[in-house]
Amino acid sequence: MKFFFKILVVFGLALGVQSCSEDKETTPPPTPRLFKYLALGDSYTYGQSVCETCRFPEQLKDSLGQYLTTADNFEIKIIAQTGWTTTNLKTAIAAQNPTNDYNLVTLLIGVNNQYQGKPFSLYEQEFPELVDIAIAKAGGNKNRVIIVSIPDYAYTPFGQGAVAISEGVYQYNAFAQAYCEANGISFVYITDITRMGLLQPELVATDGLHPSTLAYAQFVERILPVAKMTLGL
């Protein structure tokens with residue numbers, strides 16, 4: 001009887017080992033996914049005076065990478081240049097004509113309208129147009145679009161704390177935020193980070209005007225949770 005029981009135990013263990021082995025062999029590999037990210041803007045998106053991988057879109061891509069599998073691919077396209085106004089960005093997007101299948105689109109624009117003294121009415125007209133373009137590039141899904149507030153360059157050695165600069169930036173941000181809230185579009189506020197630039201010089205790039213790599217990293221901390229939700233990560 002004891003001998004028969006031992007045979008059953010050994011046989012059961014063998015089946016268990018075989019079953020575990022079969023489970024491991026039949027576990028399917030992760031399904032490859034392609035994520036496409038389009039970053040639209042001006043010098044703050046281009047990353048003036050910081051390295052190519054230091055600008056916030058690239059840092060955002062790296063931060064999102066920790067939530068991807070080895071089978072996933074993440075592509076990034078940046079349409080941004082230093083000095084661009086809303087008009088310049090519209091023209092550039094039309095010229096490059098990116099596809100309409102992006103999983104994530106960020107838009108940060110307007111500071112050069114303010115800096116160059118363009119009529120505010122131009123921003124009131126073209127910002128909504130750019131938001132519509134961003135939505136179109138996101139496959140018509142506004143939930144894939146994130147608007148980022150404009151940094152306040154008054155708080156840099158260049159700006160010297162000028163109240164007029166801050167008031168101008170506030171006007172642009174207030175309009176953008178109100179528009180996003182009224183239309184159910186994600187708006188991420190990072191302006192307060194840049195208002196520490198005079199107290200924390202490490203937040204300003206070596207040109208004395210643009211955000212540093214560290215400042216962009218803090219931008220990404222704000223943007224990342226929204227981007228993760230947008231991409232379903």
# chains A, B, ... in the order shown; residues from 1 in each chain; ligands from 1
$ closest_atom_pairs --of "stretch 14-129 of chain A" --to "stretch 152-175 of chain A" --cutoff "12 Å" --atoms "only C-alpha atoms" --output "JSON lines"
{"residue": "A:Ser43", "atom": "CA", "partner": "A:Tyr153", "partner_atom": "CA", "distance": 12.0}
{"residue": "A:Tyr44", "atom": "CA", "partner": "A:Tyr153", "partner_atom": "CA", "distance": 10.8}
{"residue": "A:Thr86", "atom": "CA", "partner": "A:Tyr172", "partner_atom": "CA", "distance": 11.9}
{"residue": "A:Leu108", "atom": "CA", "partner": "A:Asn173", "partner_atom": "CA", "distance": 10.3}
{"residue": "A:Ile109", "atom": "CA", "partner": "A:Tyr172", "partner_atom": "CA", "distance": 9.5}
{"residue": "A:Gly110", "atom": "CA", "partner": "A:Tyr172", "partner_atom": "CA", "distance": 6.9}
{"residue": "A:Val111", "atom": "CA", "partner": "A:Val169", "partner_atom": "CA", "distance": 7.0}
{"residue": "A:Asn112", "atom": "CA", "partner": "A:Val169", "partner_atom": "CA", "distance": 10.1}
{"residue": "A:Asn113", "atom": "CA", "partner": "A:Tyr172", "partner_atom": "CA", "distance": 9.2}
{"residue": "A:Gln114", "atom": "CA", "partner": "A:Gly168", "partner_atom": "CA", "distance": 6.4}
{"residue": "A:Tyr115", "atom": "CA", "partner": "A:Ile165", "partner_atom": "CA", "distance": 8.1}
{"residue": "A:Gln116", "atom": "CA", "partner": "A:Gly168", "partner_atom": "CA", "distance": 11.3}
{"residue": "A:Gly117", "atom": "CA", "partner": "A:Gly168", "partner_atom": "CA", "distance": 9.7}
{"residue": "A:Lys118", "atom": "CA", "partner": "A:Gly168", "partner_atom": "CA", "distance": 11.2}
{"residue": "A:Pro119", "atom": "CA", "partner": "A:Tyr172", "partner_atom": "CA", "distance": 11.3}
{"residue": "A:Phe120", "atom": "CA", "partner": "A:Tyr172", "partner_atom": "CA", "distance": 8.0}
{"residue": "A:Ser121", "atom": "CA", "partner": "A:Tyr172", "partner_atom": "CA", "distance": 10.5}
{"residue": "A:Leu122", "atom": "CA", "partner": "A:Tyr172", "partner_atom": "CA", "distance": 11.1}
{"residue": "A:Tyr123", "atom": "CA", "partner": "A:Tyr172", "partner_atom": "CA", "distance": 7.9}
{"residue": "A:Glu124", "atom": "CA", "partner": "A:Phe175", "partner_atom": "CA", "distance": 7.6}
{"residue": "A:Gln125", "atom": "CA", "partner": "A:Phe175", "partner_atom": "CA", "distance": 11.1}
{"residue": "A:Glu126", "atom": "CA", "partner": "A:Phe175", "partner_atom": "CA", "distance": 11.9}
{"residue": "A:Phe127", "atom": "CA", "partner": "A:Phe175", "partner_atom": "CA", "distance": 9.3}
{"residue": "A:Pro128", "atom": "CA", "partner": "A:Phe175", "partner_atom": "CA", "distance": 10.1}
$ closest_atom_pairs --of "stretch 56-149 of chain A" --to "stretch 182-205 of chain A" --cutoff "7 Å" --atoms "only C-alpha atoms" --output "JSON lines"
{"residue": "A:Lys142", "atom": "CA", "partner": "A:Ile185", "partner_atom": "CA", "distance": 6.3}
{"residue": "A:Asn143", "atom": "CA", "partner": "A:Ile185", "partner_atom": "CA", "distance": 6.6}
{"residue": "A:Val145", "atom": "CA", "partner": "A:Ser186", "partner_atom": "CA", "distance": 6.6}
{"residue": "A:Ile146", "atom": "CA", "partner": "A:Ser186", "partner_atom": "CA", "distance": 5.0}
{"residue": "A:Ile147", "atom": "CA", "partner": "A:Phe187", "partner_atom": "CA", "distance": 4.7}
{"residue": "A:Val148", "atom": "CA", "partner": "A:Val188", "partner_atom": "CA", "distance": 4.9}
{"residue": "A:Ser149", "atom": "CA", "partner": "A:Tyr189", "partner_atom": "CA", "distance": 5.1}
$ write_last_selection --atoms "N, CA, C and O atoms" --output "compact mmCIF listing (two decimals), in the first residue's frame"
# COMPACT_ATOMS: atom_id res chain seq x y z
N LYS A 142 -9.32 64.37 -29.02
CA LYS A 142 -8.80 65.46 -28.17
C LYS A 142 -8.19 64.95 -26.88
O LYS A 142 -7.38 65.65 -26.24
N ASN A 143 -8.52 63.73 -26.49
CA ASN A 143 -7.97 63.16 -25.26
C ASN A 143 -6.50 62.77 -25.41
O ASN A 143 -5.86 62.40 -24.43
N VAL A 145 -4.34 64.95 -26.67
CA VAL A 145 -3.64 66.23 -26.77
C VAL A 145 -3.40 66.82 -25.39
O VAL A 145 -4.29 66.83 -24.54
N ILE A 146 -2.19 67.32 -25.18
CA ILE A 146 -1.83 68.00 -23.92
C ILE A 146 -1.29 69.38 -24.26
O ILE A 146 -0.32 69.51 -25.02
N ILE A 147 -1.91 70.40 -23.71
CA ILE A 147 -1.42 71.77 -23.85
C ILE A 147 -0.56 72.09 -22.64
O ILE A 147 -0.96 71.82 -21.50
N VAL A 148 0.61 72.67 -22.88
CA VAL A 148 1.54 73.02 -21.80
C VAL A 148 1.59 74.55 -21.68
O VAL A 148 1.67 75.25 -22.70
N SER A 149 1.52 75.06 -20.47
CA SER A 149 1.53 76.50 -20.26
C SER A 149 2.87 77.12 -20.66
O SER A 149 3.89 76.43 -20.75
$ atom_distance --atom1 "atom CA of A:Ser49" --atom2 "atom CA of A:Thr213"
9.2 Å
$ select_by_dssp --residues "stretch 14-167 of chain A" --states "strand (DSSP E)" --output "PyMOL selection string"
chain A and resi 34-41+73-80+104-108+145-148
$ atom_distance --atom1 "atom CA of A:Asn88" --atom2 "atom CA of A:Leu107"
13.6 Å
$ atom_distance --atom1 "atom CA of A:Thr45" --atom2 "atom CA of A:Pro32"
28.4 Å
$ closest_atom_pairs --of "stretch 10-91 of chain A" --to "stretch 98-104 of chain A" --cutoff "10 Å" --atoms "only C-alpha atoms" --output "JSON lines"
{"residue": "A:Leu34", "atom": "CA", "partner": "A:Asn103", "partner_atom": "CA", "distance": 8.9}
{"residue": "A:Phe35", "atom": "CA", "partner": "A:Asn103", "partner_atom": "CA", "distance": 6.0}
{"residue": "A:Lys36", "atom": "CA", "partner": "A:Tyr102", "partner_atom": "CA", "distance": 4.9}
{"residue": "A:Tyr37", "atom": "CA", "partner": "A:Leu104", "partner_atom": "CA", "distance": 4.8}
{"residue": "A:Leu38", "atom": "CA", "partner": "A:Leu104", "partner_atom": "CA", "distance": 6.3}
{"residue": "A:Ala39", "atom": "CA", "partner": "A:Leu104", "partner_atom": "CA", "distance": 8.3}
{"residue": "A:Glu75", "atom": "CA", "partner": "A:Tyr102", "partner_atom": "CA", "distance": 9.4}
{"residue": "A:Ile76", "atom": "CA", "partner": "A:Tyr102", "partner_atom": "CA", "distance": 9.4}
{"residue": "A:Lys77", "atom": "CA", "partner": "A:Pro98", "partner_atom": "CA", "distance": 8.7}
{"residue": "A:Ile79", "atom": "CA", "partner": "A:Pro98", "partner_atom": "CA", "distance": 9.3}
$ write_last_selection --atoms "N, CA and C atoms" --output "PDB file, in the first residue's frame"
ATOM      1  N   LEU A  34       3.231  50.248 -31.013  1.00  0.00           N
ATOM      2  CA  LEU A  34       3.922  51.428 -31.531  1.00  0.00           C
ATOM      3  C   LEU A  34       3.239  52.669 -30.983  1.00  0.00           C
ATOM      4  N   PHE A  35       4.008  53.491 -30.296  1.00  0.00           N
ATOM      5  CA  PHE A  35       3.510  54.759 -29.788  1.00  0.00           C
ATOM      6  C   PHE A  35       4.172  55.888 -30.567  1.00  0.00           C
ATOM      7  N   LYS A  36       3.346  56.815 -31.049  1.00  0.00           N
ATOM      8  CA  LYS A  36       3.859  57.949 -31.824  1.00  0.00           C
ATOM      9  C   LYS A  36       3.531  59.254 -31.097  1.00  0.00           C
ATOM     10  N   TYR A  37       4.552  60.070 -30.897  1.00  0.00           N
ATOM     11  CA  TYR A  37       4.425  61.323 -30.140  1.00  0.00           C
ATOM     12  C   TYR A  37       4.853  62.497 -31.013  1.00  0.00           C
ATOM     13  N   LEU A  38       3.982  63.496 -31.117  1.00  0.00           N
ATOM     14  CA  LEU A  38       4.258  64.711 -31.885  1.00  0.00           C
ATOM     15  C   LEU A  38       4.342  65.893 -30.926  1.00  0.00           C
ATOM     16  N   ALA A  39       5.469  66.589 -30.921  1.00  0.00           N
ATOM     17  CA  ALA A  39       5.674  67.741 -30.042  1.00  0.00           C
ATOM     18  C   ALA A  39       5.703  69.014 -30.885  1.00  0.00           C
ATOM     19  N   GLU A  75       8.105  56.398 -31.143  1.00  0.00           N
ATOM     20  CA  GLU A  75       8.641  57.351 -32.110  1.00  0.00           C
ATOM     21  C   GLU A  75       8.269  58.764 -31.699  1.00  0.00           C
ATOM     22  N   ILE A  76       9.177  59.693 -31.916  1.00  0.00           N
ATOM     23  CA  ILE A  76       8.922  61.088 -31.569  1.00  0.00           C
ATOM     24  C   ILE A  76       9.245  61.987 -32.761  1.00  0.00           C
ATOM     25  N   LYS A  77       8.375  62.929 -33.028  1.00  0.00           N
ATOM     26  CA  LYS A  77       8.612  63.927 -34.066  1.00  0.00           C
ATOM     27  C   LYS A  77       8.419  65.299 -33.432  1.00  0.00           C
ATOM     28  N   ILE A  79       8.201  69.373 -34.132  1.00  0.00           N
ATOM     29  CA  ILE A  79       8.070  70.498 -35.057  1.00  0.00           C
ATOM     30  C   ILE A  79       8.115  71.751 -34.196  1.00  0.00           C
TER      31      ILE A  79
END
$ closest_residue --among "A:Pro57, A:Pro30, A:Gly47, A:Pro151" --to "A:Ile223" --atoms "only C-alpha atoms"
A:Pro57
$ closest_residue --among "A:Leu209, A:Leu60, A:Val131, A:Ala94" --to "A:Thr82" --atoms "only C-alpha atoms"
A:Leu209
$ closest_residue --among "A:Thr106, A:Thr31, A:Gln177, A:Gly208" --to "A:Val226" --atoms "only C-alpha atoms"
A:Thr106
$ closest_residue --among "A:Lys90, A:Tyr216, A:Asp42, A:Tyr67" --to "A:Met229" --atoms "only C-alpha atoms"
A:Tyr67
$ closest_residue --among "A:Thr26, A:Thr87, A:Ser212, A:Thr70" --to "A:Phe56" --atoms "only C-alpha atoms"
A:Ser212
$ closest_residue --among "A:Tyr46, A:Leu64, A:Ala227, A:Asp207" --to "A:Trp84" --atoms "only C-alpha atoms"
A:Tyr46
